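Enquirer: File structure-v3.txt follows (compact mmCIF, C-alpha atoms):
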# COMPACT_ATOMS: atom_id res chain seq x y z
CA MET C 1 -22.86 -57.19 64.34
CA ASN C 2 -22.12 -60.02 61.99
CA GLY C 3 -23.39 -63.52 62.47
CA PRO C 4 -21.28 -66.57 63.30
CA THR C 5 -19.73 -68.81 60.70
CA SER C 6 -19.24 -72.53 60.96
CA THR C 7 -15.87 -73.69 62.22
CA GLN C 8 -14.20 -76.86 63.35
CA ARG C 9 -15.35 -77.66 66.85
CA PHE C 10 -13.12 -78.69 69.69
CA THR C 11 -13.73 -80.02 73.16
CA HIS C 12 -11.91 -80.96 76.34
CA PRO C 13 -9.47 -83.86 75.88
CA ASP C 14 -12.10 -86.16 77.44
CA GLY C 15 -14.68 -85.08 74.85
CA SER C 16 -16.75 -82.93 77.21
CA PRO C 17 -17.91 -79.53 75.87
CA VAL C 18 -16.13 -76.26 76.54
CA ARG C 19 -17.97 -74.27 79.24
CA ALA C 20 -18.57 -70.53 79.00
CA VAL C 21 -20.38 -67.90 81.07
CA VAL C 22 -21.62 -64.78 79.27
CA VAL C 23 -22.42 -61.70 81.40
CA ASP C 24 -24.09 -58.53 80.11
CA ASP C 25 -26.98 -56.41 81.36
CA GLU C 26 -28.22 -56.12 77.76
CA GLN C 27 -30.31 -59.26 77.33
CA ASN C 28 -30.17 -59.17 73.53
CA LEU C 29 -26.36 -59.37 73.68
CA THR C 30 -26.33 -62.31 76.10
CA GLU C 31 -28.84 -64.14 73.89
CA LEU C 32 -26.77 -63.43 70.77
CA LEU C 33 -23.53 -64.64 72.33
CA HIS C 34 -25.29 -67.62 73.90
CA MET C 35 -26.52 -68.65 70.45
CA ALA C 36 -23.12 -68.14 68.81
CA LEU C 37 -21.18 -70.14 71.42
CA THR C 38 -23.83 -72.85 71.59
CA ASN C 39 -23.39 -73.21 67.83
CA GLU C 40 -19.74 -73.94 68.60
CA GLY C 41 -20.93 -76.95 70.58
CA TRP C 42 -20.19 -75.30 73.92
CA ALA C 43 -22.18 -75.41 77.15
CA VAL C 44 -23.14 -71.81 77.94
CA GLU C 45 -24.67 -70.09 80.97
CA THR C 46 -25.65 -66.40 81.11
CA ALA C 47 -26.01 -63.68 83.74
CA THR C 48 -27.28 -60.10 83.63
CA ASN C 49 -25.58 -58.56 86.69
CA GLY C 50 -22.43 -58.86 88.75
CA GLN C 51 -23.78 -60.87 91.66
CA GLU C 52 -25.53 -63.31 89.34
CA ALA C 53 -22.27 -63.61 87.42
CA MET C 54 -20.36 -64.59 90.56
CA ASN C 55 -22.96 -67.26 91.35
CA ARG C 56 -22.93 -68.67 87.81
CA ILE C 57 -19.14 -68.81 87.66
CA ARG C 58 -18.91 -70.49 91.06
CA GLU C 59 -21.55 -73.09 90.20
CA PHE C 60 -20.70 -73.72 86.53
CA ASP C 61 -16.88 -73.59 86.75
CA PRO C 62 -16.45 -72.26 83.18
CA ASP C 63 -13.38 -72.49 80.98
CA VAL C 64 -13.85 -68.90 79.80
CA VAL C 65 -15.95 -65.87 80.77
CA VAL C 66 -17.28 -63.07 78.54
CA LEU C 67 -17.87 -60.15 80.92
CA ASP C 68 -19.46 -56.73 80.41
CA VAL C 69 -17.57 -53.97 82.20
CA MET C 70 -20.37 -51.47 82.75
CA MET C 71 -23.11 -52.99 84.91
CA PRO C 72 -25.09 -51.46 87.79
CA ALA C 73 -24.13 -52.18 91.42
CA VAL C 74 -21.32 -54.72 90.93
CA ASP C 75 -19.55 -53.92 87.65
CA GLY C 76 -17.36 -56.23 85.58
CA LEU C 77 -14.08 -54.97 87.02
CA GLU C 78 -15.28 -55.68 90.55
CA VAL C 79 -16.49 -59.15 89.50
CA LEU C 80 -13.03 -59.88 88.14
CA ARG C 81 -11.27 -58.53 91.24
CA ARG C 82 -13.38 -60.80 93.42
CA LEU C 83 -12.67 -63.78 91.18
CA ARG C 84 -8.92 -63.22 91.26
CA ALA C 85 -8.97 -62.57 95.02
CA SER C 86 -10.68 -65.94 95.48
CA GLY C 87 -7.97 -67.67 93.43
CA ASN C 88 -10.12 -68.18 90.32
CA ASP C 89 -7.90 -67.73 87.24
CA VAL C 90 -10.55 -68.35 84.56
CA PRO C 91 -9.71 -66.43 81.35
CA VAL C 92 -11.92 -63.34 80.93
CA LEU C 93 -12.80 -61.39 77.79
CA PHE C 94 -14.17 -57.94 78.60
CA LEU C 95 -16.96 -56.28 76.60
CA THR C 96 -17.31 -52.53 77.00
CA ALA C 97 -18.48 -49.37 75.29
CA LYS C 98 -15.33 -47.58 76.51
CA ASP C 99 -12.34 -47.52 74.19
CA GLY C 100 -9.85 -45.23 75.92
CA VAL C 101 -6.32 -46.37 76.70
CA ASP C 102 -6.92 -45.89 80.44
CA ASP C 103 -10.02 -48.07 80.24
CA ARG C 104 -8.04 -50.83 78.55
CA ILE C 105 -5.32 -50.57 81.17
CA ASP C 106 -7.89 -50.83 83.98
CA ALA C 107 -9.37 -53.95 82.40
CA ILE C 108 -6.04 -55.68 81.84
CA THR C 109 -4.44 -54.74 85.16
CA ALA C 110 -7.55 -56.00 86.97
CA GLY C 111 -6.63 -59.42 85.56
CA GLY C 112 -8.57 -59.47 82.29
CA ASP C 113 -7.18 -61.41 79.35
CA ASP C 114 -8.68 -59.62 76.37
CA TYR C 115 -10.87 -56.63 75.54
CA VAL C 116 -13.49 -55.94 72.84
CA THR C 117 -15.41 -52.69 72.43
CA LYS C 118 -19.07 -52.30 71.54
CA PRO C 119 -20.44 -52.38 68.93
CA PHE C 120 -18.50 -55.50 68.03
CA HIS C 121 -18.42 -58.04 65.24
CA LEU C 122 -19.82 -61.29 66.57
CA ARG C 123 -17.34 -63.37 64.61
CA GLU C 124 -14.44 -61.48 66.22
CA VAL C 125 -15.74 -62.10 69.74
CA VAL C 126 -16.30 -65.79 69.02
CA ALA C 127 -12.82 -66.09 67.47
CA ARG C 128 -11.16 -64.42 70.47
CA VAL C 129 -13.07 -66.53 72.98
CA ARG C 130 -12.31 -69.67 70.99
CA GLY C 131 -8.62 -68.76 70.94
CA MET C 132 -8.61 -68.20 74.71
CA ALA C 133 -10.27 -71.57 75.26
CA ARG C 134 -7.77 -73.34 73.02
CA ARG C 135 -4.85 -71.82 74.89
CA TYR C 136 -6.11 -72.56 78.38
CA ILE C 137 -7.73 -75.94 77.92
CA GLY C 138 -4.63 -77.26 76.18
CA ALA C 139 -5.22 -78.08 72.53
CA THR C 140 -1.64 -79.21 71.98
CA ASN C 141 -0.72 -82.89 71.83
CA ASP C 142 2.82 -82.17 72.96
CA ASP C 143 3.22 -82.96 76.65
CA ARG C 144 6.87 -81.91 76.80
CA PRO C 145 7.22 -78.92 79.13
CA LEU C 146 9.03 -75.72 78.27
CA THR C 147 12.20 -75.41 80.35
CA VAL C 148 14.54 -72.55 81.23
CA GLY C 149 17.05 -73.41 83.95
CA ASP C 150 15.08 -74.96 86.82
CA LEU C 151 11.80 -73.40 85.61
CA THR C 152 9.31 -75.62 83.77
CA LEU C 153 5.97 -74.83 82.17
CA ASN C 154 3.58 -77.53 80.97
CA GLU C 155 1.19 -76.11 78.38
CA ARG C 156 -1.21 -79.05 78.54
CA SER C 157 -1.55 -79.42 82.30
CA TYR C 158 -1.25 -75.64 82.85
CA GLN C 159 1.36 -76.17 85.57
CA VAL C 160 4.48 -74.14 86.35
CA GLU C 161 7.25 -75.22 88.71
CA ARG C 162 10.59 -73.80 89.74
CA GLY C 163 13.04 -76.10 91.41
CA GLY C 164 10.15 -78.51 91.95
CA ALA C 165 8.05 -75.90 93.77
CA PRO C 166 4.68 -75.06 92.16
CA VAL C 167 4.14 -71.48 90.96
CA GLN C 168 0.57 -70.21 90.92
CA LEU C 169 -0.08 -67.83 88.00
CA THR C 170 -3.12 -66.04 86.63
CA ALA C 171 -4.18 -66.87 83.08
CA LYS C 172 -2.47 -63.80 81.61
CA GLU C 173 0.70 -64.30 83.67
CA PHE C 174 0.84 -67.87 82.36
CA GLU C 175 0.45 -66.70 78.76
CA LEU C 176 3.18 -64.07 79.17
CA LEU C 177 5.56 -66.55 80.76
CA ARG C 178 4.83 -69.08 78.02
CA TYR C 179 5.68 -66.54 75.33
CA LEU C 180 8.97 -65.69 77.05
CA MET C 181 9.83 -69.39 77.48
CA GLN C 182 8.97 -70.17 73.87
CA ASN C 183 11.76 -67.73 72.97
CA PRO C 184 14.50 -68.43 75.54
CA GLY C 185 17.45 -66.08 75.43
CA GLN C 186 15.81 -63.80 72.87
CA VAL C 187 15.19 -60.14 73.70
CA LEU C 188 11.50 -59.53 73.07
CA THR C 189 10.35 -55.96 72.59
CA ARG C 190 7.32 -54.55 74.36
CA ALA C 191 5.57 -54.30 71.00
CA GLN C 192 6.20 -57.99 70.30
CA ILE C 193 4.89 -58.95 73.72
CA LEU C 194 1.76 -56.81 73.32
CA GLU C 195 1.05 -58.28 69.90
CA ASN C 196 1.58 -61.90 70.91
CA VAL C 197 0.19 -61.92 74.45
CA TRP C 198 -2.51 -59.24 74.34
CA SER C 199 -3.27 -59.41 70.59
CA TYR C 200 -3.59 -55.66 70.15
CA ASP C 201 -1.50 -52.51 70.43
CA PHE C 202 -1.59 -50.13 73.41
CA GLY C 203 0.63 -47.66 71.58
CA GLY C 204 3.58 -48.57 73.78
CA LYS C 205 2.47 -46.15 76.50
CA SER C 206 0.38 -48.23 78.84
CA GLY C 207 3.03 -49.92 80.95
CA VAL C 208 0.93 -53.08 81.02
CA VAL C 209 3.93 -55.21 79.98
CA GLU C 210 6.04 -53.79 82.81
CA ILE C 211 3.22 -54.44 85.28
CA TYR C 212 2.92 -58.11 84.32
CA ILE C 213 6.68 -58.62 84.17
CA SER C 214 6.80 -57.35 87.76
CA TYR C 215 4.07 -59.85 88.73
CA LEU C 216 6.09 -62.72 87.23
CA ARG C 217 9.28 -61.60 88.92
CA ARG C 218 7.62 -61.54 92.33
CA LYS C 219 6.46 -65.12 91.85
CA ILE C 220 9.35 -66.69 89.93
CA ASP C 221 12.54 -64.80 90.76
CA ALA C 222 11.66 -65.03 94.44
CA LEU C 223 12.39 -68.77 94.20
CA GLY C 224 15.96 -68.51 92.92
CA PRO C 225 18.40 -66.45 90.88
CA PRO C 226 16.69 -64.02 88.48
CA LEU C 227 15.55 -65.54 85.20
CA ILE C 228 13.64 -62.59 83.70
CA HIS C 229 16.03 -59.87 82.56
CA THR C 230 15.42 -56.31 81.36
CA VAL C 231 17.35 -55.04 78.35
CA ARG C 232 17.19 -51.28 78.78
CA SER C 233 15.21 -49.43 76.10
CA VAL C 234 14.56 -52.69 74.23
CA GLY C 235 12.51 -55.24 76.14
CA TYR C 236 12.81 -58.46 78.15
CA ALA C 237 14.43 -61.87 77.94
CA ILE C 238 14.20 -65.05 79.98
CA ARG C 239 17.46 -66.96 80.47
CA ASP C 240 19.30 -68.79 83.22
CA HIS C 241 22.36 -66.54 83.04
CA PRO C 242 22.56 -62.75 83.49
CA SER C 243 24.03 -61.80 80.10
Please render this file's structure as structure tokens.
Expert:
Amino acid sequence: MNGPTSTQRFTHPDGSPVRAVVVDDEQNLTELLHMALTNEGWAVETATNGQEAMNRIREFDPDVVVLDVMMPAVDGLEVLRRLRASGNDVPVLFLTAKDGVDDRIDAITAGGDDYVTKPFHLREVVARVRGMARRYIGATNDDRPLTVGDLTLNERSYQVERGGAPVQLTAKEFELLRYLMQNPGQVLTRAQILENVWSYDFGGKSGVVEIYISYLRRKIDALGPPLIHTVRSVGYAIRDHPS
């Protein structure tokens, strides 16, 4: 594993540090990641099992979580399911020794936002976590919302509304919707969506894009005429007209 390199630090808009919780039953890994993220200027808490992780996340209210999948008793997937069931949409980066396509699908469909396999390069993990934090805290200075028809998405406040009604999205649903709305009317292929929303390739066989498109449709198209359209054998587009 490679060591961290110095980088430009960032904080919350009010100047407070980014908060992270690191969870792994291997103490040397939690200490390593704690050191690396602390060097970023972040406030970091650690946990070594699933129940402890739930307690830390509830008490610390982190901006991002680094979560080991394989832990005794309560594993990482169960921790994430409980978080999402409780309405907690904190972005989660999974760490795991498993690298099969099915394992990746399980992690993402459980509500995870990214996935790194062990052994990993420390700089890669820090870069991915930093990128997640930038996206979800709101590093942009542009307060103008993205708009398609009566649907609006504010990247800074992390709010989505349709026809004035709030739409509650998970972190990954928000990122997918943002990518669609950044390209209104354009047909985006599954490969483009995987690359830009999940940052790695599932080989086009996982169905994860279809799963998350269906999640968005249940929440957004239920509030009015369909906005998310399927272009058969190509991909998806968001627009306020059917063709």
Enquirer: Show me, as JSON, the centre and edge lengths in Å to one decimal of the axis-aligned box that covers every listed atom of stretch 29-38 of chain C with 5 Å on each side.
Expert:
{"center_x": -25.0, "center_y": -66.1, "center_z": 72.5, "size_x": 17.7, "size_y": 23.5, "size_z": 17.3}
Enquirer: Find, counting only C-alpha atoms, the residue in C:Met54, C:Ile137, C:Val231, C:Leu169 that gets nearest to C:Thr189.
Expert: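 Distance minimum relative to C:Thr189 lands on C:Val231.
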Enquirer: Take atom CA of C:Leu33 and atom CA of C:Ala20 and report the distance between them in Å, one decimal.
Expert: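 Computed distance, atom CA of C:Leu33 to atom CA of C:Ala20, equals 10.2 Å.
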Enquirer: Can you work out the spacing between atom CA of C:Val22 and atom CA of C:Gly87 in Å, to one decimal?
Expert: 19.9 Å
Enquirer: At what distance in Å, to one decimal, does atom CA of C:Ile193 lie from atom CA of C:Val160?
Expert: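 Answer for the atom CA of C:Val160 to atom CA of C:Ile193 separation: 19.8 Å.
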Enquirer: Show me, as a VMD selection string, the residues that have an atom within 12 Å of C:Ala73 when counting only C-alpha atoms, minus same-chain residues fewer than 6 positions from it.
Expert: chain C and resid 25 48 to 52 79
Enquirer: Using only C-alpha atoms, which residue out of C:Lys172, C:Arg58, C:Arg162, C:Arg190 lies closest to C:Leu227?
Expert: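 Result for the nearest residue to C:Leu227: C:Arg162.
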Enquirer: Restricting the calculation to only C-alpha atoms, which member of C:Val90, C:Tyr136, C:Gly15, C:Phe120 is positioned closest to C:Leu32?
Expert: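 Using only C-alpha atoms, C:Leu32 sits closest to C:Phe120.
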Enquirer: Point out the residue among C:Ala171, C:Ile238, C:Val66, C:Ala222 with the least atom-to-atom distance to C:Gly149, counting all atoms listed in the file.
Expert: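 Ranked by minimum distance to C:Gly149, first place goes to C:Ile238.
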Enquirer: List the spatial neighbours of C:Glu210 as a list in words - criterion: any atom at most 10 Å away, all atoms listed in the file, same-chain residues fewer than 3 positions off excluded.
Expert: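 Listing them by chain and then by number gives Arg190, Ser206, Gly207, Ile213, Ser214, Tyr215, Leu216, Thr230, Gly235 and Tyr236 of chain C.
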Enquirer: Add whatever atoms are absent from stretch 166-177 of chain C to reach all heavy atoms, and provide the output as an mmCIF file, keeping the file's coordinate frame.
Expert:
data_model
loop_
_atom_site.group_PDB
_atom_site.id
_atom_site.type_symbol
_atom_site.label_atom_id
_atom_site.label_comp_id
_atom_site.auth_asym_id
_atom_site.auth_seq_id
_atom_site.Cartn_x
_atom_site.Cartn_y
_atom_site.Cartn_z
ATOM 1 N N PRO C 166 5.717 -75.591 93.044
ATOM 2 C CA PRO C 166 4.680 -75.060 92.160
ATOM 3 C C PRO C 166 4.597 -73.546 92.218
ATOM 4 O O PRO C 166 4.803 -72.936 93.263
ATOM 5 C CB PRO C 166 3.400 -75.713 92.699
ATOM 6 C CG PRO C 166 3.700 -76.047 94.122
ATOM 7 C CD PRO C 166 5.161 -76.367 94.167
ATOM 8 N N VAL C 167 4.309 -72.926 91.075
ATOM 9 C CA VAL C 167 4.140 -71.480 90.960
ATOM 10 C C VAL C 167 2.725 -71.219 90.475
ATOM 11 O O VAL C 167 2.341 -71.680 89.405
ATOM 12 C CB VAL C 167 5.154 -70.867 89.979
ATOM 13 C CG1 VAL C 167 4.964 -69.360 89.894
ATOM 14 C CG2 VAL C 167 6.584 -71.213 90.379
ATOM 15 N N GLN C 168 1.952 -70.502 91.274
ATOM 16 C CA GLN C 168 0.570 -70.210 90.920
ATOM 17 C C GLN C 168 0.512 -68.900 90.114
ATOM 18 O O GLN C 168 0.910 -67.850 90.603
ATOM 19 C CB GLN C 168 -0.293 -70.075 92.180
ATOM 20 C CG GLN C 168 -0.311 -71.331 93.043
ATOM 21 C CD GLN C 168 -0.887 -72.531 92.304
ATOM 22 O OE1 GLN C 168 -1.850 -72.396 91.550
ATOM 23 N NE2 GLN C 168 -0.311 -73.700 92.526
ATOM 24 N N LEU C 169 0.003 -68.992 88.881
ATOM 25 C CA LEU C 169 -0.080 -67.830 88.000
ATOM 26 C C LEU C 169 -1.519 -67.602 87.550
ATOM 27 O O LEU C 169 -2.291 -68.550 87.440
ATOM 28 C CB LEU C 169 0.790 -68.031 86.752
ATOM 29 C CG LEU C 169 2.285 -68.270 86.956
ATOM 30 C CD1 LEU C 169 2.960 -68.467 85.607
ATOM 31 C CD2 LEU C 169 2.927 -67.111 87.705
ATOM 32 N N THR C 170 -1.850 -66.342 87.278
ATOM 33 C CA THR C 170 -3.120 -66.040 86.630
ATOM 34 C C THR C 170 -3.021 -66.464 85.167
ATOM 35 O O THR C 170 -1.933 -66.760 84.650
ATOM 36 C CB THR C 170 -3.464 -64.556 86.703
ATOM 37 O OG1 THR C 170 -2.525 -63.828 85.892
ATOM 38 C CG2 THR C 170 -3.410 -64.034 88.136
ATOM 39 N N ALA C 171 -4.158 -66.460 84.482
ATOM 40 C CA ALA C 171 -4.180 -66.870 83.080
ATOM 41 C C ALA C 171 -3.260 -65.994 82.227
ATOM 42 O O ALA C 171 -2.508 -66.493 81.385
ATOM 43 C CB ALA C 171 -5.615 -66.811 82.545
ATOM 44 N N LYS C 172 -3.294 -64.687 82.427
ATOM 45 C CA LYS C 172 -2.470 -63.800 81.610
ATOM 46 C C LYS C 172 -0.995 -63.905 81.988
ATOM 47 O O LYS C 172 -0.121 -63.835 81.118
ATOM 48 C CB LYS C 172 -2.947 -62.356 81.743
ATOM 49 C CG LYS C 172 -2.248 -61.384 80.816
ATOM 50 C CD LYS C 172 -2.335 -61.791 79.339
ATOM 51 C CE LYS C 172 -3.741 -61.758 78.796
ATOM 52 N NZ LYS C 172 -3.785 -62.077 77.331
ATOM 53 N N GLU C 173 -0.692 -64.084 83.262
ATOM 54 C CA GLU C 173 0.700 -64.300 83.670
ATOM 55 C C GLU C 173 1.245 -65.566 83.022
ATOM 56 O O GLU C 173 2.394 -65.601 82.562
ATOM 57 C CB GLU C 173 0.791 -64.405 85.198
ATOM 58 C CG GLU C 173 0.550 -63.100 85.922
ATOM 59 C CD GLU C 173 0.315 -63.278 87.410
ATOM 60 O OE1 GLU C 173 0.244 -64.446 87.888
ATOM 61 O OE2 GLU C 173 0.181 -62.255 88.110
ATOM 62 N N PHE C 174 0.427 -66.615 82.984
ATOM 63 C CA PHE C 174 0.840 -67.870 82.360
ATOM 64 C C PHE C 174 1.138 -67.661 80.881
ATOM 65 O O PHE C 174 2.148 -68.137 80.356
ATOM 66 C CB PHE C 174 -0.265 -68.919 82.530
ATOM 67 C CG PHE C 174 0.069 -70.269 81.958
ATOM 68 C CD1 PHE C 174 0.693 -71.233 82.733
ATOM 69 C CD2 PHE C 174 -0.251 -70.579 80.644
ATOM 70 C CE1 PHE C 174 1.010 -72.479 82.199
ATOM 71 C CE2 PHE C 174 0.056 -71.819 80.104
ATOM 72 C CZ PHE C 174 0.686 -72.766 80.886
ATOM 73 N N GLU C 175 0.259 -66.928 80.196
ATOM 74 C CA GLU C 175 0.450 -66.700 78.760
ATOM 75 C C GLU C 175 1.706 -65.877 78.492
ATOM 76 O O GLU C 175 2.444 -66.151 77.543
ATOM 77 C CB GLU C 175 -0.780 -66.003 78.189
ATOM 78 C CG GLU C 175 -0.810 -65.984 76.675
ATOM 79 C CD GLU C 175 -2.101 -65.437 76.126
ATOM 80 O OE1 GLU C 175 -3.049 -65.238 76.912
ATOM 81 O OE2 GLU C 175 -2.161 -65.198 74.906
ATOM 82 N N LEU C 176 1.967 -64.876 79.332
ATOM 83 C CA LEU C 176 3.180 -64.070 79.170
ATOM 84 C C LEU C 176 4.421 -64.921 79.406
ATOM 85 O O LEU C 176 5.379 -64.873 78.627
ATOM 86 C CB LEU C 176 3.153 -62.885 80.138
ATOM 87 C CG LEU C 176 4.427 -62.040 80.220
ATOM 88 C CD1 LEU C 176 4.825 -61.488 78.856
ATOM 89 C CD2 LEU C 176 4.249 -60.905 81.232
ATOM 90 N N LEU C 177 4.401 -65.699 80.471
ATOM 91 C CA LEU C 177 5.560 -66.550 80.760
ATOM 92 C C LEU C 177 5.772 -67.561 79.634
ATOM 93 O O LEU C 177 6.910 -67.819 79.227
ATOM 94 C CB LEU C 177 5.358 -67.282 82.090
ATOM 95 C CG LEU C 177 6.499 -68.216 82.502
ATOM 96 C CD1 LEU C 177 7.795 -67.437 82.691
ATOM 97 C CD2 LEU C 177 6.143 -68.983 83.774
#
